[in-house]
Structures are given as structure tokens and as C-alpha cells.
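Source file: work.cif. Holds: mmCIF, C-alpha atoms and all ligand atoms.
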```cif
data_start
loop_
_atom_site.label_atom_id
_atom_site.label_comp_id
_atom_site.auth_asym_id
_atom_site.auth_seq_id
_atom_site.Cartn_x
_atom_site.Cartn_y
_atom_site.Cartn_z
CA MET Q 1 -9.67 -22.25 -7.32
CA GLY Q 2 -6.21 -21.00 -6.41
CA ILE Q 3 -4.86 -17.48 -6.61
CA ASN Q 4 -2.65 -16.71 -9.61
CA HIS Q 5 -1.00 -13.45 -8.62
CA LEU Q 6 1.32 -12.55 -5.77
CA TYR Q 7 2.50 -9.05 -4.84
CA ILE Q 8 5.17 -8.33 -2.22
CA HIS Q 9 5.90 -4.80 -1.03
CA VAL Q 10 9.47 -4.02 -0.02
CA PRO Q 11 9.12 -0.95 2.21
CA PHE Q 12 12.63 0.50 1.87
CA CYS Q 13 14.28 3.07 -0.36
CA LYS Q 14 17.77 4.49 -0.45
CA ALA Q 15 16.31 8.00 -0.12
CA ILE Q 16 12.84 9.40 -0.44
CA CYS Q 17 11.87 11.15 -3.69
CA TYR Q 18 10.10 14.46 -3.17
CA TYR Q 19 6.84 13.49 -4.88
CA CYS Q 20 6.43 10.13 -3.21
CA ASP Q 21 4.39 9.03 -0.22
CA PHE Q 22 4.40 5.27 -0.80
CA CYS Q 23 4.86 3.06 2.18
CA HIS Q 24 8.59 3.06 2.78
CA ARG Q 25 11.50 4.09 4.99
CA VAL Q 26 15.08 4.89 4.27
CA TYR Q 27 16.89 1.53 4.21
CA ASP Q 28 18.32 0.33 7.48
CA GLU Q 29 20.04 -3.06 7.53
CA LYS Q 30 18.75 -4.18 10.93
CA LEU Q 31 15.20 -3.02 10.27
CA ALA Q 32 15.27 -4.90 6.97
CA GLU Q 33 16.33 -8.07 8.83
CA ARG Q 34 13.37 -7.78 11.19
CA TRP Q 35 11.08 -7.09 8.23
CA LEU Q 36 12.31 -10.25 6.49
CA ASP Q 37 11.69 -12.30 9.65
CA ARG Q 38 8.13 -11.02 9.85
CA LEU Q 39 7.55 -11.40 6.11
CA SER Q 40 8.62 -15.03 6.22
CA ARG Q 41 5.94 -15.69 8.87
CA GLU Q 42 3.37 -13.83 6.80
CA ALA Q 43 4.32 -15.80 3.66
CA GLU Q 44 4.18 -19.09 5.56
CA GLU Q 45 0.66 -18.31 6.77
CA ASN Q 46 -0.72 -17.01 3.48
CA CYS Q 47 1.09 -18.43 0.45
CA LYS Q 48 -0.71 -21.58 -0.58
CA ASP Q 49 -0.52 -21.54 -4.37
CA GLN Q 50 1.81 -21.69 -7.32
CA TYR Q 51 1.61 -18.19 -8.78
CA GLU Q 52 1.55 -17.38 -12.49
CA THR Q 53 2.75 -13.85 -11.90
CA ILE Q 54 4.82 -12.47 -9.05
CA TYR Q 55 5.59 -8.80 -8.59
CA ILE Q 56 8.11 -7.53 -6.07
CA GLY Q 57 7.50 -3.82 -5.74
CA GLY Q 58 8.02 -1.06 -3.28
CA GLY Q 59 9.81 0.99 -2.19
CA THR Q 60 12.90 -0.23 -3.95
CA PRO Q 61 13.47 -3.99 -3.58
CA THR Q 62 17.08 -3.74 -4.77
CA THR Q 63 17.90 -1.50 -1.80
CA LEU Q 64 18.14 -4.72 0.20
CA ASN Q 65 21.70 -5.98 0.47
CA ASP Q 66 22.70 -9.06 -1.53
CA THR Q 67 22.12 -11.50 1.32
CA GLN Q 68 18.72 -10.03 2.09
CA LEU Q 69 17.62 -10.01 -1.55
CA LYS Q 70 18.69 -13.65 -1.79
CA ARG Q 71 16.77 -14.48 1.37
CA LEU Q 72 13.63 -12.76 0.05
CA LEU Q 73 13.75 -14.63 -3.25
CA GLU Q 74 14.49 -17.97 -1.56
CA MET Q 75 11.41 -17.40 0.57
CA ILE Q 76 9.30 -17.14 -2.58
CA ASP Q 77 10.99 -19.97 -4.52
CA PRO Q 78 8.56 -22.69 -3.37
CA PHE Q 79 5.64 -20.71 -4.82
CA ALA Q 80 7.34 -19.74 -8.07
CA GLU Q 81 7.61 -23.13 -9.73
CA ARG Q 82 5.25 -22.28 -12.57
CA VAL Q 83 5.65 -18.52 -12.62
CA MET Q 84 5.38 -17.03 -16.11
CA GLU Q 85 6.09 -13.40 -15.36
CA TYR Q 86 8.30 -12.53 -12.39
CA THR Q 87 8.88 -8.80 -12.03
CA ILE Q 88 11.06 -6.79 -9.69
CA GLU Q 89 11.16 -3.01 -9.34
CA VAL Q 90 14.64 -1.51 -9.35
CA ASN Q 91 16.32 1.84 -9.25
CA PRO Q 92 19.52 2.40 -11.22
CA GLU Q 93 21.61 3.33 -8.20
CA SER Q 94 20.95 0.04 -6.42
CA LEU Q 95 21.32 -2.35 -9.33
CA ASP Q 96 24.59 -4.10 -10.15
CA GLN Q 97 25.87 -7.35 -11.62
CA ARG Q 98 25.68 -9.22 -8.30
CA LYS Q 99 22.04 -8.31 -7.81
CA ILE Q 100 21.23 -9.27 -11.39
CA ASP Q 101 22.90 -12.67 -10.84
CA ILE Q 102 20.72 -13.23 -7.79
CA MET Q 103 17.57 -12.12 -9.62
CA LYS Q 104 18.27 -14.42 -12.56
CA LYS Q 105 19.06 -17.39 -10.36
CA HIS Q 106 15.58 -17.14 -8.87
CA GLY Q 107 13.75 -16.78 -12.17
CA ILE Q 108 13.08 -13.05 -12.35
CA ASN Q 109 12.37 -12.32 -16.01
CA ARG Q 110 10.99 -8.77 -15.99
CA VAL Q 111 12.36 -5.55 -14.53
CA SER Q 112 10.58 -2.28 -13.89
CA MET Q 113 12.92 0.69 -13.51
CA GLY Q 114 12.16 4.21 -12.32
CA LEU Q 115 13.51 6.77 -14.79
CA GLN Q 116 10.92 9.60 -14.44
CA SER Q 117 12.84 12.04 -16.66
CA ALA Q 118 15.92 12.08 -18.86
CA ASP Q 119 16.74 15.62 -17.73
CA ASP Q 120 19.37 15.49 -14.99
CA ASN Q 121 18.40 18.86 -13.51
CA LEU Q 122 14.76 17.87 -13.31
CA LEU Q 123 15.78 14.58 -11.70
CA LYS Q 124 17.49 16.58 -8.95
CA THR Q 125 14.43 18.84 -8.56
CA ILE Q 126 12.24 15.82 -7.82
CA GLY Q 127 14.75 14.21 -5.47
CA ARG Q 128 16.02 11.37 -7.62
CA ARG Q 129 19.57 10.18 -6.94
CA HIS Q 130 20.59 9.05 -10.41
CA SER Q 131 21.31 10.53 -13.82
CA PHE Q 132 19.91 9.51 -17.18
CA ASP Q 133 23.27 7.90 -18.03
CA ASP Q 134 22.94 5.66 -14.95
CA VAL Q 135 19.64 4.40 -16.34
CA LYS Q 136 21.15 3.83 -19.77
CA ASP Q 137 24.05 1.85 -18.26
CA ARG Q 138 21.82 -0.37 -16.12
CA ILE Q 139 19.45 -1.10 -18.97
CA ALA Q 140 22.42 -2.14 -21.11
CA LEU Q 141 23.64 -4.33 -18.24
CA LEU Q 142 20.22 -6.00 -17.91
CA LYS Q 143 20.11 -6.66 -21.64
CA ASP Q 144 23.67 -8.06 -21.58
CA ASN Q 145 22.39 -10.47 -18.95
CA GLY Q 146 19.48 -11.58 -21.12
CA ILE Q 147 16.75 -9.55 -19.38
CA SER Q 148 15.08 -7.54 -22.11
CA ASN Q 149 11.52 -7.49 -20.79
CA ILE Q 150 12.00 -4.09 -19.19
CA SER Q 151 9.55 -1.38 -18.24
CA ILE Q 152 10.42 2.20 -17.34
CA ASP Q 153 8.38 4.74 -15.39
CA LEU Q 154 8.20 8.30 -16.66
CA MET Q 155 6.49 11.33 -15.16
CA TYR Q 156 4.97 14.48 -16.60
CA SER Q 157 3.46 17.68 -15.23
CA LEU Q 158 6.54 18.03 -13.00
CA PRO Q 159 7.54 21.45 -11.62
CA GLY Q 160 9.98 23.04 -14.06
CA GLN Q 161 9.27 20.51 -16.82
CA THR Q 162 8.75 22.13 -20.23
CA MET Q 163 7.35 20.61 -23.42
CA GLN Q 164 10.90 20.59 -24.76
CA ILE Q 165 12.21 18.68 -21.75
CA LEU Q 166 9.39 16.15 -22.08
CA GLN Q 167 10.00 15.81 -25.82
CA ASP Q 168 13.68 15.16 -25.17
CA THR Q 169 12.86 12.62 -22.45
CA LEU Q 170 10.49 10.75 -24.78
CA ASN Q 171 13.13 10.65 -27.52
CA LYS Q 172 15.78 9.34 -25.14
CA ALA Q 173 13.38 6.84 -23.59
CA LEU Q 174 12.44 5.53 -27.04
CA ASP Q 175 16.13 5.15 -27.88
CA LEU Q 176 16.46 2.74 -24.96
CA ASN Q 177 14.49 0.18 -27.01
CA ILE Q 178 12.46 -1.26 -24.19
CA PRO Q 179 9.04 -2.83 -24.64
CA HIS Q 180 7.00 -1.21 -21.86
CA ILE Q 181 6.59 2.37 -20.61
CA SER Q 182 4.42 3.58 -17.73
CA LEU Q 183 3.57 7.27 -17.64
CA TYR Q 184 2.18 9.14 -14.66
CA SER Q 185 1.29 12.78 -14.21
CA LEU Q 186 2.40 14.27 -10.93
CA THR Q 187 -0.18 14.08 -8.17
CA VAL Q 188 0.98 16.04 -5.17
CA GLU Q 189 0.38 13.91 -2.10
CA GLU Q 190 -0.10 15.77 1.16
CA ASN Q 191 2.55 13.75 2.97
CA SER Q 192 5.21 13.98 0.29
CA VAL Q 193 8.02 16.54 0.45
CA PHE Q 194 6.31 18.42 -2.40
CA GLY Q 195 3.01 18.36 -0.50
CA LYS Q 196 4.63 19.76 2.64
CA LYS Q 197 6.35 22.48 0.64
CA GLY Q 198 3.13 23.43 -1.16
CA ILE Q 199 4.52 22.60 -4.60
CA SER Q 200 1.92 21.85 -7.24
CA SER Q 201 1.77 20.12 -10.59
CA LEU Q 202 1.53 22.12 -13.83
CA ASP Q 203 -1.51 23.92 -15.11
CA GLU Q 204 -4.23 21.64 -16.57
CA ASP Q 205 -3.84 22.93 -20.13
CA ILE Q 206 -0.10 22.24 -20.20
CA GLU Q 207 -0.74 18.82 -18.70
CA ALA Q 208 -3.27 18.09 -21.46
CA ASP Q 209 -0.73 19.18 -24.11
CA MET Q 210 1.87 16.92 -22.52
CA TYR Q 211 -0.55 14.00 -22.59
CA GLU Q 212 -1.15 14.60 -26.31
CA LEU Q 213 2.56 14.76 -27.03
CA ILE Q 214 3.11 11.47 -25.21
CA GLU Q 215 0.26 9.80 -27.13
CA GLN Q 216 1.61 11.02 -30.42
CA ARG Q 217 5.29 10.12 -29.90
CA LEU Q 218 4.65 6.70 -28.46
CA SER Q 219 2.05 5.68 -30.99
CA GLU Q 220 4.34 6.80 -33.85
CA LYS Q 221 6.89 4.34 -32.52
CA GLY Q 222 4.41 1.45 -32.37
CA TYR Q 223 3.59 1.53 -28.66
CA ILE Q 224 0.03 0.53 -27.83
CA HIS Q 225 -1.69 2.64 -25.19
CA TYR Q 226 -3.23 -0.44 -23.61
CA GLU Q 227 -4.11 0.92 -20.17
CA VAL Q 228 -4.75 4.38 -18.71
CA SER Q 229 -1.08 4.85 -17.68
CA ASN Q 230 0.67 2.11 -19.65
CA TYR Q 231 2.08 1.67 -23.13
CA CYS Q 232 3.75 -1.38 -24.62
CA LEU Q 233 4.95 -3.00 -27.78
CA LYS Q 234 2.69 -5.81 -28.99
CA GLY Q 235 2.70 -8.77 -26.59
CA TYR Q 236 4.49 -6.97 -23.75
CA GLU Q 237 1.56 -6.02 -21.53
CA SER Q 238 2.25 -6.53 -17.84
CA ARG Q 239 0.54 -9.86 -17.17
CA HIS Q 240 0.56 -9.20 -13.46
CA ASN Q 241 -1.25 -5.91 -13.84
CA LEU Q 242 -3.63 -7.41 -16.39
CA GLY Q 243 -4.63 -9.68 -13.50
CA TYR Q 244 -5.66 -6.62 -11.43
CA TRP Q 245 -7.50 -5.09 -14.35
CA ASN Q 246 -9.21 -8.37 -15.06
CA TYR Q 247 -10.40 -8.26 -11.43
CA ASP Q 248 -8.65 -11.56 -10.62
CA ASP Q 249 -7.91 -12.51 -7.04
CA PHE Q 250 -4.42 -11.66 -5.81
CA LEU Q 251 -2.44 -12.02 -2.64
CA GLY Q 252 -0.56 -9.00 -1.31
CA LEU Q 253 2.10 -9.40 1.36
CA SER Q 254 3.96 -6.95 3.62
CA LEU Q 255 3.36 -3.43 4.83
CA GLY Q 256 0.93 -1.34 2.83
CA ALA Q 257 0.14 -4.17 0.39
CA SER Q 258 -3.42 -4.85 -0.69
CA GLY Q 259 -5.04 -8.10 -1.72
CA LYS Q 260 -8.35 -9.35 -3.04
CA ILE Q 261 -9.68 -12.81 -2.40
CA GLY Q 262 -13.28 -13.49 -3.40
CA ASN Q 263 -15.45 -10.78 -1.91
CA SER Q 264 -12.79 -9.70 0.58
CA ARG Q 265 -10.43 -6.82 -0.13
CA TYR Q 266 -7.79 -5.92 2.42
CA THR Q 267 -4.96 -3.46 2.94
CA ASN Q 268 -2.13 -4.19 5.33
CA THR Q 269 -0.91 -1.68 7.87
CA ARG Q 270 1.73 0.88 6.93
CA SER Q 271 3.04 0.90 10.49
CA PHE Q 272 6.24 -1.06 11.16
CA GLU Q 273 5.28 -1.27 14.81
CA LYS Q 274 1.95 -2.93 14.09
CA TYR Q 275 3.51 -5.15 11.43
CA PHE Q 276 6.18 -6.42 13.81
CA ASN Q 277 4.10 -6.77 16.95
CA GLU Q 278 0.57 -7.75 16.03
CA THR Q 279 -0.95 -10.86 14.53
CA ASP Q 280 -3.68 -9.02 12.69
CA ILE Q 281 -1.74 -6.70 10.37
CA ARG Q 282 -4.69 -5.48 8.32
CA ASP Q 283 -5.77 -1.86 8.49
CA GLU Q 284 -8.72 -2.47 6.26
CA ASP Q 285 -10.63 -5.65 5.57
CA LEU Q 286 -13.73 -5.05 3.49
CA HIS Q 287 -16.40 -7.53 2.56
CA LEU Q 288 -17.78 -6.37 -0.73
CA SER Q 289 -21.39 -6.77 -1.71
CA ARG Q 290 -22.25 -8.29 -5.09
CA GLU Q 291 -23.09 -4.81 -6.43
CA GLU Q 292 -19.79 -3.37 -5.17
CA MET Q 293 -17.85 -6.18 -6.83
CA MET Q 294 -19.75 -5.71 -10.09
CA PHE Q 295 -18.93 -2.02 -10.17
CA GLU Q 296 -15.27 -2.56 -9.21
CA ASN Q 297 -14.99 -5.24 -11.88
CA ILE Q 298 -16.31 -2.82 -14.52
CA MET Q 299 -14.11 0.00 -13.23
CA MET Q 300 -10.95 -2.11 -13.39
CA SER Q 301 -11.67 -3.80 -16.71
CA LEU Q 302 -12.52 -0.60 -18.56
CA ARG Q 303 -9.02 0.70 -17.74
CA THR Q 304 -7.59 -1.37 -20.60
CA ILE Q 305 -8.35 -1.25 -24.30
CA TYR Q 306 -9.32 -4.93 -24.04
CA GLY Q 307 -12.29 -3.99 -21.84
CA LEU Q 308 -14.66 -6.40 -20.17
CA ASP Q 309 -15.81 -9.83 -21.37
CA ILE Q 310 -19.59 -9.39 -21.15
CA GLU Q 311 -20.49 -13.08 -21.13
CA ALA Q 312 -17.95 -13.94 -18.44
CA PHE Q 313 -19.24 -11.03 -16.36
CA ASN Q 314 -22.86 -12.17 -16.74
CA ARG Q 315 -21.91 -15.71 -15.69
CA LYS Q 316 -19.85 -14.53 -12.74
CA TYR Q 317 -22.56 -12.30 -11.29
CA ASP Q 318 -25.62 -14.05 -12.72
CA CYS Q 319 -26.85 -10.88 -14.41
CA ASP Q 320 -27.30 -9.13 -17.73
CA LEU Q 321 -24.71 -6.37 -17.85
CA LEU Q 322 -26.26 -4.47 -20.74
CA LYS Q 323 -29.61 -4.26 -18.96
CA GLU Q 324 -28.17 -3.69 -15.50
CA TYR Q 325 -26.25 -0.52 -16.47
CA PRO Q 326 -28.33 1.18 -19.22
CA LYS Q 327 -26.86 4.64 -18.60
CA GLY Q 328 -23.28 3.36 -18.55
CA VAL Q 329 -23.50 1.24 -21.69
CA ASN Q 330 -25.17 4.11 -23.57
CA ASN Q 331 -22.37 6.54 -22.78
CA PRO Q 332 -20.97 7.77 -26.13
CA ASN Q 333 -17.48 6.62 -25.08
CA ILE Q 334 -18.59 3.05 -24.52
CA LYS Q 335 -18.91 0.45 -27.25
CA VAL Q 336 -19.53 -3.27 -27.45
CA ASP Q 337 -16.86 -4.90 -29.57
CA HIS Q 338 -16.71 -8.67 -30.18
CA GLY Q 339 -18.57 -9.38 -26.97
CA ARG Q 340 -16.49 -6.98 -24.91
CA LEU Q 341 -17.45 -3.70 -23.31
CA VAL Q 342 -14.78 -1.15 -24.16
CA CYS Q 343 -14.11 2.50 -23.28
CA THR Q 344 -13.11 4.26 -26.49
CA ASP Q 345 -11.27 7.13 -24.81
CA LEU Q 346 -9.26 6.23 -21.72
CA ALA Q 347 -8.59 9.92 -21.00
CA VAL Q 348 -12.26 10.37 -20.01
CA LEU Q 349 -12.71 7.06 -18.19
CA ASN Q 350 -13.49 8.65 -14.82
CA ARG Q 351 -16.38 10.59 -16.29
CA VAL Q 352 -17.64 7.48 -18.10
CA LEU Q 353 -17.62 5.52 -14.85
CA LEU Q 354 -19.98 8.03 -13.25
CA ASP Q 355 -22.67 6.73 -15.61
CA PHE Q 356 -22.10 3.20 -14.32
CA MET Q 357 -22.55 4.43 -10.76
CA ASP Q 358 -26.11 5.61 -11.34
S1 LIG B 401 9.45 6.96 -6.05
FE1 LIG B 401 10.20 4.90 -5.73
S2 LIG B 401 12.36 5.21 -5.18
FE2 LIG B 401 11.39 7.18 -4.91
S3 LIG B 401 10.81 7.20 -2.75
FE3 LIG B 401 9.02 6.46 -3.91
S4 LIG B 401 9.19 4.26 -3.86
FE4 LIG B 401 11.20 5.08 -3.27
#
```
In C-alpha cells, how does this file's structure come out?
Amino acid sequence: MGINHLYIHVPFCKAICYYCDFCHRVYDEKLAERWLDRLSREAEENCKDQYETIYIGGGTPTTLNDTQLKRLLEMIDPFAERVMEYTIEVNPESLDQRKIDIMKKHGINRVSMGLQSADDNLLKTIGRRHSFDDVKDRIALLKDNGISNISIDLMYSLPGQTMQILQDTLNKALDLNIPHISLYSLTVEENSVFGKKGISSLDEDIEADMYELIEQRLSEKGYIHYEVSNYCLKGYESRHNLGYWNYDDFLGLSLGASGKIGNSRYTNTRSFEKYFNETDIRDEDLHLSREEMMFENIMMSLRTIYGLDIEAFNRKYDCDLLKEYPKGVNNPNIKVDHGRLVCTDLAVLNRVLLDFMD
């Protein structure tokens, strides 16, 4: 059976945000050319299917210049003939009409934009290079061009963020009328600017209050909290990400990308040098045992409110899930609903999963 999902990591950003340690460099035109040369070889060797979902993430894909963005999308065209959801991540400062024309020409029908906060001072504190008005303008431009399947990323537990600032951000984000919102609390990564400066996220109690406020405001407005960090209006779940959570196979290309094919899970190198000069670009290539796959499958599927299809799981692994994990299925936050195993409180999922590990 073929693979349905393709992810491509674009490892460049215009500037590096202070909380981020994703795999990226500040954009350099020549380096991006070399990266595209290498990516085209990687795609040639690995892309063999027609993908139902394609996700171009990063980094910031729209940091590429127009010619490079066109070249990237042309490279993928042969594998996008029956794509249903084709997403690209963008930042407001690198999105304009010309880029949107290129995106549309190649079938991109979903855009994920980093907003993080609607408070311009807070945006500066976290190293973002745009204002809330920039986001508003670009979302209007996308909609004028017929792209309304838009997701925005927001963050909470940021240094200097108050409940009032978060409240205001939620109100402004809701006024944008977009169907999908991802929300992440700040995790301070050691290699980020924040990590190096010893900056930390907010106190746990404030973070919990912020989480409650988010739940309340978004659910009032009809957003479904369908995955640990994701909310959407009915029918606007990210199909690509549902593939991950459904534990489907997926191909990941470029630096830092991961993929899963059968019982093999790999992560590509984050080093440009290795990526450019070596044939084997994987830093990690794991062969998972049946038990490891079963646990990962449960772990991923319980992240969404749709949970895990018990019968499909039993067929896939030739087992009886309810008997195999007695402690897990008896956890008070687990229920069986219409043949699916569901976690009733996503906020405590990590604790629930411990019972499946026993
Ligand atoms: S948050 Fe996004 S835009 Fe900012 S540095 Fe990280 S990948 Fe780049």
C-alpha cells in the first residue's frame, strides 16, 4: 500500500524567534539553492506515491524567494495530482500577492500562519518581526485570493504575558474568522535564545488558568478542542496531522524531518554539511518492535477526541486491545465509545499513558 502523507521541511527563516530551536538557519539565497538541489535528489529517490495530504513546514517556507518557492512546488507537482489538503506554513512578513499566486497555481489550499500573540510588545519580547496588523492584512489577502482554510498558531505562558493580554489576543484571533487555531504553551528549549538567557515560562498555576481561559473562550465560539494543542470549527481538522495521530505512514523529506514507514521510523540530520555531502542523511533509523508500535499507535491516537478504532487496532496487531492493556483501559479518564478508545480529558493524557506503559 502506498504512503498518503508527505512532509517537507524548509530549514530557513528570516530571523530566529527567541523561543525556537527548530531546525533552521537565517535565509541565505545561495544556501537555499544548494538545499533545493539536494532536496530534488532526495525527492527523486523517495517520492513514489500520489499523496492525499502534503505539508510544507519549517522554518518558514515563504522565506524562499519567488523563483525558489516555484522550484520547490514544481518539484512536488508530479506527486500532488490527487492531493486533497495541501498546506504551507507562512509568516506575515514573507507573504505577498506574488507568493500567493505561486502557491495557488500549484494547488496549495491551506495556510498555517504564525501569530503567537496579538500584543505587539509581547511579539517583540519573543523575537517576532511582525505586528498583529500585519497578520490581519495577510489573512485578508489570503481570503481575497480564495484561501480561507487558514490556521493560526498562538502561544501562552510567555514571559510578560498576563491574563488580560491573553484574553485580548483570543478576542482578536476570534475576530479573524479562521477555522483552525493551534495553541502551544511555551517550552523553553536549551538551545533557544530564551534557553541561553535562562528565561522561563510562567508559573504552573497561571499556565493552568490560561489553559482554562482558552478552553472557555474557544468553546463558546464553537471551536472543537479536537487534539491536545488544536482547535477547529466543525470539518476543519488538519487532515495531514490526523494522519500522524492515526499512526499512518508518512514520508518526511529534508533536514530534521521525520518519517514513518511500516515498522521503521527515521529522523533526518539537522546538519547542512551532512545533508549536502552524505548519501545516508538519517541521524536516527529505528526499527520498532510490534509492542513499540502498539504503544505508539495508542499514544498518538489518544491525542484526539476521536480516539482509537479498537477493531482496526486488533486487526492490525492481531491482538485484543482491551485485554492487552487492562490498567490503561481501566483508567478513569479512558472510555470506550462506539468501538473507539477515547481519553476523556486531554489535559491529563500524559498521566493516562503511563497506565498503558505498564
Ligand atoms: S518560530 Fe517559526 S519563524 Fe520563528 S524561528 Fe521558529 S520556525 Fe522560524
Which neighbours of Ile206 (chain Q) fall inside 8 Å, counting only C-alpha atoms, when residues of the same chain fewer than 4 positions from it are skipped, and could you give them as a tab-separated table (two decimals) with C-alpha atoms, in the frame of the given file?
```tsv
chain	number	residue	atom	x	y	z
Q	157	SER	CA	3.46	17.68	-15.23
Q	202	LEU	CA	1.53	22.12	-13.83
Q	210	MET	CA	1.87	16.92	-22.52
```
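Across the model, the gap from CA of Lys124 (chain Q) to CA of Thr187 (chain Q) is 17.9 Å.
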Contacts of Lys136 (chain Q) at 12 Å (all atoms listed in the file; same-chain gap of 5+ positions) as a PyMOL selection string | chain Q and resi 91-93+113-115+118+130-131+141-143+152+172-178
What's the 12 Å shell around Asp203 (chain Q), counting only C-alpha atoms, without same-chain residues fewer than 3 positions away, as a PyMOL selection string?
-> chain Q and resi 156-162+185-186+200+206-210
Include C-alpha atoms and write out the residues we just selected as a JSON list (two decimals), in the coordinates of the input.
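The resulting out-v5.json:
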```json
[["chain", "number", "residue", "atom", "x", "y", "z"],
["Q", 156, "TYR", "CA", 4.97, 14.48, -16.60],
["Q", 157, "SER", "CA", 3.46, 17.68, -15.23],
["Q", 158, "LEU", "CA", 6.54, 18.03, -13.00],
["Q", 159, "PRO", "CA", 7.54, 21.45, -11.62],
["Q", 160, "GLY", "CA", 9.98, 23.04, -14.06],
["Q", 161, "GLN", "CA", 9.27, 20.51, -16.82],
["Q", 162, "THR", "CA", 8.75, 22.13, -20.23],
["Q", 185, "SER", "CA", 1.29, 12.78, -14.21],
["Q", 186, "LEU", "CA", 2.40, 14.27, -10.93],
["Q", 200, "SER", "CA", 1.92, 21.85, -7.24],
["Q", 206, "ILE", "CA", -0.10, 22.24, -20.20],
["Q", 207, "GLU", "CA", -0.74, 18.82, -18.70],
["Q", 208, "ALA", "CA", -3.27, 18.09, -21.46],
["Q", 209, "ASP", "CA", -0.73, 19.18, -24.11],
["Q", 210, "MET", "CA", 1.87, 16.92, -22.52]]
```
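Excluding region 230-245 of chain Q and any residue on its chain fewer than 6 positions from it, the residues at most 6 Å away by only C-alpha atoms are Thr53, Pro179, His180, Ile181, Ser182, Tyr223, Ile224, Met300 and Ser301 of chain Q.
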With C-alpha atoms retained, export the selected residues as a PDB file, keeping the file's coordinate frame.
```pdb
ATOM      1  CA  THR Q  53       2.750 -13.850 -11.900  1.00  0.00           C
ATOM      2  CA  PRO Q 179       9.040  -2.830 -24.640  1.00  0.00           C
ATOM      3  CA  HIS Q 180       7.000  -1.210 -21.860  1.00  0.00           C
ATOM      4  CA  ILE Q 181       6.590   2.370 -20.610  1.00  0.00           C
ATOM      5  CA  SER Q 182       4.420   3.580 -17.730  1.00  0.00           C
ATOM      6  CA  TYR Q 223       3.590   1.530 -28.660  1.00  0.00           C
ATOM      7  CA  ILE Q 224       0.030   0.530 -27.830  1.00  0.00           C
ATOM      8  CA  MET Q 300     -10.950  -2.110 -13.390  1.00  0.00           C
ATOM      9  CA  SER Q 301     -11.670  -3.800 -16.710  1.00  0.00           C
TER      10      SER Q 301
END
```
In Å, rounded to a single decimal, give me how far CA of Lys260 (chain Q) is from CA of Arg340 (chain Q).
->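 Computing the Euclidean distance for CA of Arg340 (chain Q) and CA of Lys260 (chain Q) yields 23.5 Å.
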Counting only C-alpha atoms and all ligand atoms, figure out which residue out of Q:Glu52, Q:Glu42, Q:Glu89, Q:Glu81 gets nearest to ligand LIG 401 (chain B).
->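 Going through Q:Glu52, Q:Glu42, Q:Glu89, Q:Glu81 one by one, the smallest distance to ligand LIG 401 (chain B) is for Q:Glu89.
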Step by step, measure atom-to-atom distances between ligand LIG 401 (chain B) and each residue using only C-alpha atoms and all ligand atoms, keep those at most 10 Å, then write them as a PyMOL selection string.
-> chain Q and resi 10-26+57-61+63+89-93+113-116+126-129+153+192
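Here CA of Met357 (chain Q) stands at a distance of 15.8 Å from CA of Pro332 (chain Q).
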From the set Q:His106, Q:Lys196, Q:Lys323, Q:Arg265, which residue has the shortest atom-to-atom contact distance to Val83 (chain Q), counting only C-alpha atoms?
-> Q:His106
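Neighbours of Met299 (chain Q) closer than or equal to 12 Å, with only C-alpha atoms counted and sequence neighbours fewer than 6 positions away skipped, come out as Q:Val228, Q:Tyr244, Q:Trp245, Q:Asn246, Q:Tyr247, Q:Glu292, Q:Met293, Q:Gly307, Q:Leu308, Q:Gly328, Q:Leu341, Q:Val342, Q:Cys343, Q:Leu346, Q:Leu349, Q:Asn350, Q:Arg351, Q:Val352, Q:Leu353, Q:Leu354, Q:Asp355, Q:Phe356, Q:Met357.
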Between Q:Asp205, Q:Ser254, Q:Leu123, Q:Asp134, which is the closest to Leu36 (chain Q) once you count only C-alpha atoms?
->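 Among the listed residues, Q:Ser254 lies closest to Leu36 (chain Q).
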So for region 30-47 of chain Q, what box centre and size do we get, axis-aligned, 3 Å extra on each of the six sides, every listed atom, Å to one decimal, as lines of an AutoDock Vina configuration file?
```
center_x = 9.0
center_y = -11.1
center_z = 5.8
size_x = 25.5
size_y = 22.1
size_z = 16.7
```
Pick from Q:Glu284, Q:Asp249, Q:Asp137, Q:Glu278: nearest to Tyr266 (chain Q), with only C-alpha atoms counted?
-> Q:Glu284
